[in-house]
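Trainee: Shown below is the structure under consideration.
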Amino acid sequence: MQSVTLIKGDGIGPSIMDVAVRVIEAAGAKIQWQEAEAGMGAFEKYGTPLPEATLESIEKTRVAFKGPLTTQVGSGFRSINVELRQRYDLYANVRPAKSWPGVKTRFENVDIVVVRENTEGLYCGLEHFLTRKHDIAESLAVVTRSASERIVEHAFQFARENNRKKVTVCHKANILKFTQGLFLEVAREVAQKHSDIQFDEKIIDASCMHMVMDPSQFDVIVCTNMFGDILSDLTAGLVGGLGLIPGANIGEDAALFEAVHGSAPDIAGKNLANPTAVLMAGVMMLKHLGQNDAAIKMQKAIEKVINEGKHVTPDLNPDSGCGTVEMGQAIIDALD
Ligand SMILES: NC(=O)c1ccc[n+]([C@@H]2O[C@H](COP(=O)([O-])OP(=O)(O)OC[C@H]3O[C@@H](n4cnc5c(N)ncnc54)[C@H](O)[C@@H]3O)[C@@H](O)[C@H]2O)c1
């Protein structure tokens, strides 16, 4: 049995996480859940979005499985997602987007993994107003050689371990010559140590255009924090939407697994949320924990249900008459 901190989260979080826990257990995984709270729900209940008990649990388990957390736009507390990534130094955010044969999209063979630097860049929280009138604000982006080296190294190691052929660094070093320039310089240096894997570099705006015109030119992408956040939603759009994309946040001695999407307040409480993204995050977590049999069993069942396209949520098939709960049950029924 391995202990995992379970945070169900806000909005659609509890419904998709309940499904994920049921599927993970039905697949035969040996997990002892330690339930903890975070996000808007925790803030309303305890006056803090990140209670001490949650931190104590992660300190012990070093592995968390987390639903989406609501962060108010433009005001309120700082993102708990960013806080957890920085606190546990979860420096690599790995977000795979792969076409599903049963999900009709513009392209058929998309297979892109975004490896996003997760601890610094524009998300390090150095933001303030410069005037009392609050009419001038500034944000600082911090890019360090050490964090850049370890994320690019992670991208190349990931490529090697997963038989991928190419790593592309997406950057804006033409304009941001210091922060993005340093990241690109380090990427070029690290690439030289991995001459068996192809290396490419693209400016971020052109990357977006290339990606929607011909995604086959991308394999593994490495970039700084905000570009990775944006690009991974773009890759989600290429393969059928945010309900399908998982994310692993990996550090030296802790890891957190979640969906790429947010708490989707527009569909919360309606049994409409696609549980696939958190289920695939569960598959990534089981592989991380070395529980490969359960991971593969679960992945095959998810693929079967999605590719058949009958018992899936309305974002994948508006005529299915299925919701989150029914899709979860179909996946459990499809487990070998
Ligand atoms: N990792 C996280 O916890 C995380 C990530 C992104 C956003 N957020 C937070 O989530 C809140 C809402 O953000 P948002 O609306 O910009 O993004 P969102 O990802 O919650 O939703 C964007 C759109 O995608 C749809 N969608 C998302 N997940 C889906 C699913 N599983 N199945 C079907 N459709 C799905 C939503 O209905 C919505 O139309 C904000 O407070 C934001 O800060 C949290």
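By order of appearance in the structure tokens: chains A, B, ..., then residues from 1 within every chain, and ligands from 1 in the order shown.
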Report the residues of segment 20-240 of chain A whose backbone DSSP state falls under alpha helix (DSSP H), written as an mmCIF file with C-alpha atoms, in the first residue's frame.

Mentor:
data_model
loop_
_atom_site.group_PDB
_atom_site.id
_atom_site.type_symbol
_atom_site.label_atom_id
_atom_site.label_comp_id
_atom_site.auth_asym_id
_atom_site.auth_seq_id
_atom_site.Cartn_x
_atom_site.Cartn_y
_atom_site.Cartn_z
ATOM 1 C CA ALA A 20 -11.061 8.573 -10.542
ATOM 2 C CA VAL A 21 -10.748 7.017 -7.073
ATOM 3 C CA ARG A 22 -13.340 4.349 -7.956
ATOM 4 C CA VAL A 23 -11.563 3.476 -11.232
ATOM 5 C CA ILE A 24 -8.086 3.419 -9.625
ATOM 6 C CA GLU A 25 -9.324 1.070 -6.898
ATOM 7 C CA ALA A 26 -11.206 -1.148 -9.381
ATOM 8 C CA MET A 40 -11.835 27.983 -2.537
ATOM 9 C CA GLY A 41 -13.805 25.389 -0.545
ATOM 10 C CA ALA A 42 -11.083 25.238 2.115
ATOM 11 C CA PHE A 43 -10.879 29.046 2.184
ATOM 12 C CA GLU A 44 -14.610 29.351 2.837
ATOM 13 C CA LYS A 45 -14.475 26.664 5.549
ATOM 14 C CA TYR A 46 -11.196 27.396 7.358
ATOM 15 C CA GLU A 52 -1.794 23.182 7.644
ATOM 16 C CA ALA A 53 -3.262 19.648 7.752
ATOM 17 C CA THR A 54 -2.999 19.429 3.954
ATOM 18 C CA LEU A 55 0.654 20.438 4.020
ATOM 19 C CA GLU A 56 1.348 17.945 6.821
ATOM 20 C CA SER A 57 -0.225 15.186 4.732
ATOM 21 C CA ILE A 58 1.879 16.001 1.633
ATOM 22 C CA GLU A 59 5.002 16.246 3.815
ATOM 23 C CA LYS A 60 4.374 12.632 4.800
ATOM 24 C CA THR A 61 3.101 11.056 1.569
ATOM 25 C CA ILE A 80 -2.654 27.348 -4.555
ATOM 26 C CA ASN A 81 -1.509 25.367 -7.593
ATOM 27 C CA VAL A 82 1.460 27.702 -8.021
ATOM 28 C CA GLU A 83 2.060 27.674 -4.244
ATOM 29 C CA LEU A 84 2.183 23.840 -4.084
ATOM 30 C CA ARG A 85 4.487 23.608 -7.122
ATOM 31 C CA GLN A 86 6.917 26.102 -5.603
ATOM 32 C CA ARG A 87 6.734 24.808 -2.013
ATOM 33 C CA ARG A 145 20.456 29.057 -15.084
ATOM 34 C CA SER A 146 19.979 26.188 -12.609
ATOM 35 C CA ALA A 147 16.187 25.881 -13.062
ATOM 36 C CA SER A 148 16.561 26.214 -16.845
ATOM 37 C CA GLU A 149 19.216 23.488 -16.917
ATOM 38 C CA ARG A 150 17.190 21.002 -14.900
ATOM 39 C CA ILE A 151 13.980 21.482 -16.932
ATOM 40 C CA VAL A 152 15.720 21.146 -20.301
ATOM 41 C CA GLU A 153 17.641 18.136 -18.963
ATOM 42 C CA HIS A 154 14.292 16.675 -17.801
ATOM 43 C CA ALA A 155 12.832 17.183 -21.292
ATOM 44 C CA PHE A 156 15.745 15.333 -22.928
ATOM 45 C CA GLN A 157 15.649 12.517 -20.344
ATOM 46 C CA PHE A 158 11.889 12.215 -20.868
ATOM 47 C CA ALA A 159 12.461 12.061 -24.639
ATOM 48 C CA ARG A 160 15.087 9.326 -24.254
ATOM 49 C CA GLU A 161 13.051 7.204 -21.818
ATOM 50 C CA THR A 179 15.201 36.060 -19.334
ATOM 51 C CA GLN A 180 14.228 34.192 -22.509
ATOM 52 C CA GLY A 181 17.743 34.642 -23.894
ATOM 53 C CA LEU A 182 19.213 32.835 -20.863
ATOM 54 C CA PHE A 183 16.676 30.004 -21.188
ATOM 55 C CA LEU A 184 17.501 29.558 -24.885
ATOM 56 C CA GLU A 185 21.253 29.710 -24.288
ATOM 57 C CA VAL A 186 20.973 26.994 -21.617
ATOM 58 C CA ALA A 187 18.713 24.884 -23.861
ATOM 59 C CA ARG A 188 21.321 25.012 -26.641
ATOM 60 C CA GLU A 189 24.060 23.973 -24.195
ATOM 61 C CA VAL A 190 22.051 21.071 -22.743
ATOM 62 C CA ALA A 191 21.049 19.938 -26.259
ATOM 63 C CA GLN A 192 24.725 19.504 -27.158
ATOM 64 C CA ILE A 204 6.667 31.173 -29.261
ATOM 65 C CA ASP A 205 4.260 33.126 -31.496
ATOM 66 C CA ALA A 206 5.390 31.241 -34.613
ATOM 67 C CA SER A 207 5.175 27.995 -32.591
ATOM 68 C CA CYS A 208 1.444 28.606 -32.032
ATOM 69 C CA MET A 209 0.869 29.177 -35.746
ATOM 70 C CA HIS A 210 2.902 26.097 -36.726
ATOM 71 C CA MET A 211 1.092 24.010 -34.142
ATOM 72 C CA VAL A 212 -2.389 24.707 -35.456
ATOM 73 C CA MET A 213 -1.271 24.273 -39.086
ATOM 74 C CA ASN A 225 6.277 28.598 -17.112
ATOM 75 C CA MET A 226 3.684 30.836 -18.779
ATOM 76 C CA PHE A 227 4.376 29.684 -22.342
ATOM 77 C CA GLY A 228 3.945 26.073 -21.157
ATOM 78 C CA ASP A 229 0.657 26.947 -19.468
ATOM 79 C CA ILE A 230 -0.719 28.480 -22.675
ATOM 80 C CA LEU A 231 0.750 25.976 -25.150
ATOM 81 C CA SER A 232 -0.611 22.980 -23.247
ATOM 82 C CA ASP A 233 -4.182 24.334 -23.537
ATOM 83 C CA LEU A 234 -3.497 24.744 -27.261
ATOM 84 C CA THR A 235 -2.384 21.113 -27.540
ATOM 85 C CA ALA A 236 -5.522 20.129 -25.577
ATOM 86 C CA GLY A 237 -7.633 21.876 -28.214
ATOM 87 C CA LEU A 238 -5.897 19.873 -30.944
ATOM 88 C CA VAL A 239 -6.856 16.484 -29.484
#

Trainee: Within 8 Å of ligand 1, which residues of chain A show up? Give each one with its shortest atom-to-atom distance in Å (one decimal) and the two atoms involved, counting only C-alpha atoms and all ligand atoms, rows by chain then rising residue number, as a Markdown table.

Mentor:
| residue | atom | partner | partner_atom_place_in_ligand_line | distance |
| --- | --- | --- | --- | --- |
| A:Gly9 | CA | ligand 1 | 3 (O) | 7.6 |
| A:Ile12 | CA | ligand 1 | 31 (N) | 7.4 |
| A:Ile16 | CA | ligand 1 | 31 (N) | 7.5 |
| A:Lys66 | CA | ligand 1 | 3 (O) | 7.8 |
| A:Gly67 | CA | ligand 1 | 3 (O) | 6.4 |
| A:Pro68 | CA | ligand 1 | 3 (O) | 3.3 |
| A:Leu69 | CA | ligand 1 | 3 (O) | 4.0 |
| A:Thr70 | CA | ligand 1 | 41 (O) | 3.5 |
| A:Thr71 | CA | ligand 1 | 41 (O) | 3.7 |
| A:Gln72 | CA | ligand 1 | 41 (O) | 5.3 |
| A:Val73 | CA | ligand 1 | 41 (O) | 6.7 |
| A:Ser79 | CA | ligand 1 | 43 (O) | 7.1 |
| A:Ile80 | CA | ligand 1 | 3 (O) | 7.9 |
| A:Asn81 | CA | ligand 1 | 3 (O) | 5.9 |
| A:Gly241 | CA | ligand 1 | 24 (O) | 7.2 |
| A:Leu242 | CA | ligand 1 | 28 (N) | 5.2 |
| A:Gly243 | CA | ligand 1 | 31 (N) | 3.7 |
| A:Leu244 | CA | ligand 1 | 31 (N) | 7.1 |
| A:Glu258 | CA | ligand 1 | 1 (N) | 6.6 |
| A:Ala259 | CA | ligand 1 | 1 (N) | 6.3 |
| A:Val260 | CA | ligand 1 | 1 (N) | 5.6 |
| A:His261 | CA | ligand 1 | 19 (O) | 3.6 |
| A:Gly262 | CA | ligand 1 | 20 (O) | 3.2 |
| A:Ser263 | CA | ligand 1 | 10 (O) | 4.1 |
| A:Ala264 | CA | ligand 1 | 20 (O) | 3.3 |
| A:Pro265 | CA | ligand 1 | 12 (C) | 6.1 |
| A:Asp266 | CA | ligand 1 | 37 (O) | 5.4 |
| A:Ile267 | CA | ligand 1 | 37 (O) | 5.3 |
| A:Leu272 | CA | ligand 1 | 33 (C) | 6.6 |
| A:Ala273 | CA | ligand 1 | 32 (N) | 3.8 |
| A:Asn274 | CA | ligand 1 | 32 (N) | 3.7 |
| A:Pro275 | CA | ligand 1 | 31 (N) | 5.5 |
| A:Thr276 | CA | ligand 1 | 31 (N) | 7.1 |
| A:Ala277 | CA | ligand 1 | 31 (N) | 6.5 |
| A:Val278 | CA | ligand 1 | 31 (N) | 8.0 |
| A:Thr313 | CA | ligand 1 | 33 (C) | 7.7 |
| A:Pro314 | CA | ligand 1 | 33 (C) | 7.9 |
| A:Asp315 | CA | ligand 1 | 33 (C) | 5.8 |

Trainee: Write a file of the just-selected residues containing C-alpha atoms, as an mmCIF file, in the first residue's frame.

Mentor:
data_model
loop_
_atom_site.group_PDB
_atom_site.id
_atom_site.type_symbol
_atom_site.label_atom_id
_atom_site.label_comp_id
_atom_site.auth_asym_id
_atom_site.auth_seq_id
_atom_site.Cartn_x
_atom_site.Cartn_y
_atom_site.Cartn_z
ATOM 1 C CA GLY A 9 -10.763 20.398 -5.149
ATOM 2 C CA ILE A 12 -16.161 19.828 -10.991
ATOM 3 C CA ILE A 16 -14.359 13.730 -11.352
ATOM 4 C CA LYS A 66 -5.420 16.706 -6.869
ATOM 5 C CA GLY A 67 -8.637 17.980 -8.433
ATOM 6 C CA PRO A 68 -8.768 21.500 -9.900
ATOM 7 C CA LEU A 69 -8.746 24.473 -7.535
ATOM 8 C CA THR A 70 -10.541 27.748 -8.132
ATOM 9 C CA THR A 71 -8.433 30.911 -8.096
ATOM 10 C CA GLN A 72 -10.293 34.224 -8.298
ATOM 11 C CA VAL A 73 -9.448 36.285 -11.357
ATOM 12 C CA SER A 79 -3.007 30.415 -6.775
ATOM 13 C CA ILE A 80 -2.654 27.348 -4.555
ATOM 14 C CA ASN A 81 -1.509 25.367 -7.593
ATOM 15 C CA GLY A 241 -10.417 19.530 -25.428
ATOM 16 C CA LEU A 242 -9.350 20.181 -21.876
ATOM 17 C CA GLY A 243 -11.256 17.229 -20.488
ATOM 18 C CA LEU A 244 -8.618 14.887 -21.935
ATOM 19 C CA GLU A 258 -3.787 16.553 -11.727
ATOM 20 C CA ALA A 259 -5.760 17.482 -14.838
ATOM 21 C CA VAL A 260 -4.558 20.415 -16.921
ATOM 22 C CA HIS A 261 -8.036 21.963 -16.821
ATOM 23 C CA GLY A 262 -9.547 24.097 -14.083
ATOM 24 C CA SER A 263 -12.622 23.816 -11.868
ATOM 25 C CA ALA A 264 -14.992 24.568 -14.805
ATOM 26 C CA PRO A 265 -17.633 26.507 -12.798
ATOM 27 C CA ASP A 266 -19.856 26.664 -15.912
ATOM 28 C CA ILE A 267 -20.528 22.898 -15.741
ATOM 29 C CA LEU A 272 -21.208 16.919 -17.439
ATOM 30 C CA ALA A 273 -17.466 16.975 -16.674
ATOM 31 C CA ASN A 274 -15.258 14.580 -18.590
ATOM 32 C CA PRO A 275 -13.236 12.586 -16.028
ATOM 33 C CA THR A 276 -10.589 11.467 -18.568
ATOM 34 C CA ALA A 277 -7.963 14.103 -17.726
ATOM 35 C CA VAL A 278 -7.845 13.167 -14.032
ATOM 36 C CA THR A 313 -19.555 12.771 -21.654
ATOM 37 C CA PRO A 314 -21.246 15.335 -23.957
ATOM 38 C CA ASP A 315 -17.999 17.174 -24.811
#

Trainee: Give me, as a short mmCIF file (atom, residue, chain, number, x, y, z; two decimals) with C-alpha atoms, in the first residue's frame, all polymer residues having an atom no more than 7 Å from segment 306-308 of chain A, counting only C-alpha atoms and skipping those fewer than 6 positions away in the same chain.

Mentor:
data_model
loop_
_atom_site.label_atom_id
_atom_site.label_comp_id
_atom_site.auth_asym_id
_atom_site.auth_seq_id
_atom_site.Cartn_x
_atom_site.Cartn_y
_atom_site.Cartn_z
CA TRP A 100 -7.62 9.39 -29.60
CA PRO A 101 -8.81 7.36 -32.62
CA GLY A 102 -12.41 7.71 -31.38
CA VAL A 103 -12.33 11.50 -30.96
#

Trainee: Quick check, in Å to one decimal: how far apart do atom CA of Thr144 of chain A and atom CA of His128 of chain A lie?

Mentor: 21.2 Å

Trainee: Counting only C-alpha atoms, which residue out of A:Val19, A:Leu335, A:Ala248, A:Ile203 sits closest to Asp293 of chain A?

Mentor: A:Leu335

Trainee: Go through A:Thr5, A:Ala294, A:Ala29, A:Tyr88 and flag the residue nearest Glu252 of chain A, using only C-alpha atoms for the distances.

Mentor: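 Closest to Glu252 of chain A of all the choices is A:Tyr88.
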
Trainee: Applying 10 Å and only C-alpha atoms, which residues near Ile302 of chain A remain after dropping the ones on its own chain fewer than 3 positions away? List them as a list in words.

Mentor: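 Once the adjacent positions are removed, what remains is Val23, Pro275, Thr276, Leu279, Met280, Val283, Ile296, Lys297, Met298, Gln299, Val305, Ile306, Asn307, Met327, Gly328, Ala330, Ile331, Ile332, Ala334 and Leu335 of chain A.
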
Trainee: Based on the backbone DSSP call, show me all residues of segment 50-115 of chain A assigned strand (DSSP E), as an MDAnalysis selection string.

Mentor: chainID A and resid 63:66 92:98 111:115

Trainee: Next, the residues of the selection above should be written as an mmCIF file, in the first residue's frame with N, CA and C atoms.

Mentor:
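Written file, again.cif:
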data_model
loop_
_atom_site.group_PDB
_atom_site.id
_atom_site.type_symbol
_atom_site.label_atom_id
_atom_site.label_comp_id
_atom_site.auth_asym_id
_atom_site.auth_seq_id
_atom_site.Cartn_x
_atom_site.Cartn_y
_atom_site.Cartn_z
ATOM 1 N N VAL A 63 3.331 12.362 -2.290
ATOM 2 C CA VAL A 63 2.622 12.192 -3.564
ATOM 3 C C VAL A 63 1.194 12.693 -3.358
ATOM 4 N N ALA A 64 0.738 13.572 -4.257
ATOM 5 C CA ALA A 64 -0.634 14.076 -4.149
ATOM 6 C C ALA A 64 -1.377 13.863 -5.459
ATOM 7 N N PHE A 65 -2.667 13.577 -5.318
ATOM 8 C CA PHE A 65 -3.569 13.435 -6.468
ATOM 9 C C PHE A 65 -4.629 14.508 -6.259
ATOM 10 N N LYS A 66 -4.687 15.477 -7.163
ATOM 11 C CA LYS A 66 -5.420 16.706 -6.869
ATOM 12 C C LYS A 66 -6.442 17.063 -7.939
ATOM 13 N N ALA A 92 9.117 20.157 -12.799
ATOM 14 C CA ALA A 92 8.780 19.736 -14.168
ATOM 15 C C ALA A 92 7.287 19.444 -14.289
ATOM 16 N N ASN A 93 6.619 20.190 -15.137
ATOM 17 C CA ASN A 93 5.201 19.954 -15.381
ATOM 18 C C ASN A 93 5.072 19.294 -16.751
ATOM 19 N N VAL A 94 4.740 18.012 -16.744
ATOM 20 C CA VAL A 94 4.733 17.221 -17.976
ATOM 21 C C VAL A 94 3.282 17.012 -18.420
ATOM 22 N N ARG A 95 2.961 17.503 -19.622
ATOM 23 C CA ARG A 95 1.570 17.497 -20.083
ATOM 24 C C ARG A 95 1.456 16.861 -21.472
ATOM 25 N N PRO A 96 1.131 15.585 -21.548
ATOM 26 C CA PRO A 96 1.037 14.904 -22.843
ATOM 27 C C PRO A 96 -0.324 15.106 -23.525
ATOM 28 N N ALA A 97 -0.313 15.357 -24.818
ATOM 29 C CA ALA A 97 -1.560 15.469 -25.602
ATOM 30 C C ALA A 97 -1.443 14.548 -26.806
ATOM 31 N N LYS A 98 -2.307 13.535 -26.849
ATOM 32 C CA LYS A 98 -2.213 12.532 -27.913
ATOM 33 C C LYS A 98 -3.604 12.348 -28.511
ATOM 34 N N ASP A 111 0.751 14.026 -31.268
ATOM 35 C CA ASP A 111 1.397 13.342 -30.137
ATOM 36 C C ASP A 111 2.494 14.289 -29.615
ATOM 37 N N ILE A 112 2.078 15.190 -28.740
ATOM 38 C CA ILE A 112 2.988 16.252 -28.275
ATOM 39 C C ILE A 112 3.035 16.219 -26.748
ATOM 40 N N VAL A 113 4.223 16.350 -26.195
ATOM 41 C CA VAL A 113 4.355 16.452 -24.739
ATOM 42 C C VAL A 113 4.972 17.815 -24.416
ATOM 43 N N VAL A 114 4.228 18.612 -23.668
ATOM 44 C CA VAL A 114 4.771 19.903 -23.226
ATOM 45 C C VAL A 114 5.446 19.698 -21.869
ATOM 46 N N VAL A 115 6.716 20.063 -21.788
ATOM 47 C CA VAL A 115 7.453 20.016 -20.525
ATOM 48 C C VAL A 115 7.674 21.471 -20.102
#

Trainee: Please report the interatomic distance between atom CA of Lys166 of chain A and atom CA of His194 of chain A in Å with one decimal.

Mentor: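 Rounded to one decimal, the two atoms are 10.4 Å apart.
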
Trainee: Between atom CA of Ser320 of chain A and atom CA of Lys104 of chain A, what distance in Å does the model show, to one decimal?

Mentor: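 These two atoms are separated by 14.9 Å.
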
Trainee: Which residue out of A:Glu326, A:Ala137, A:Thr224, A:Gly74 has the minimum interatomic distance to Leu122 of chain A when only C-alpha atoms are used?

Mentor: A:Thr224
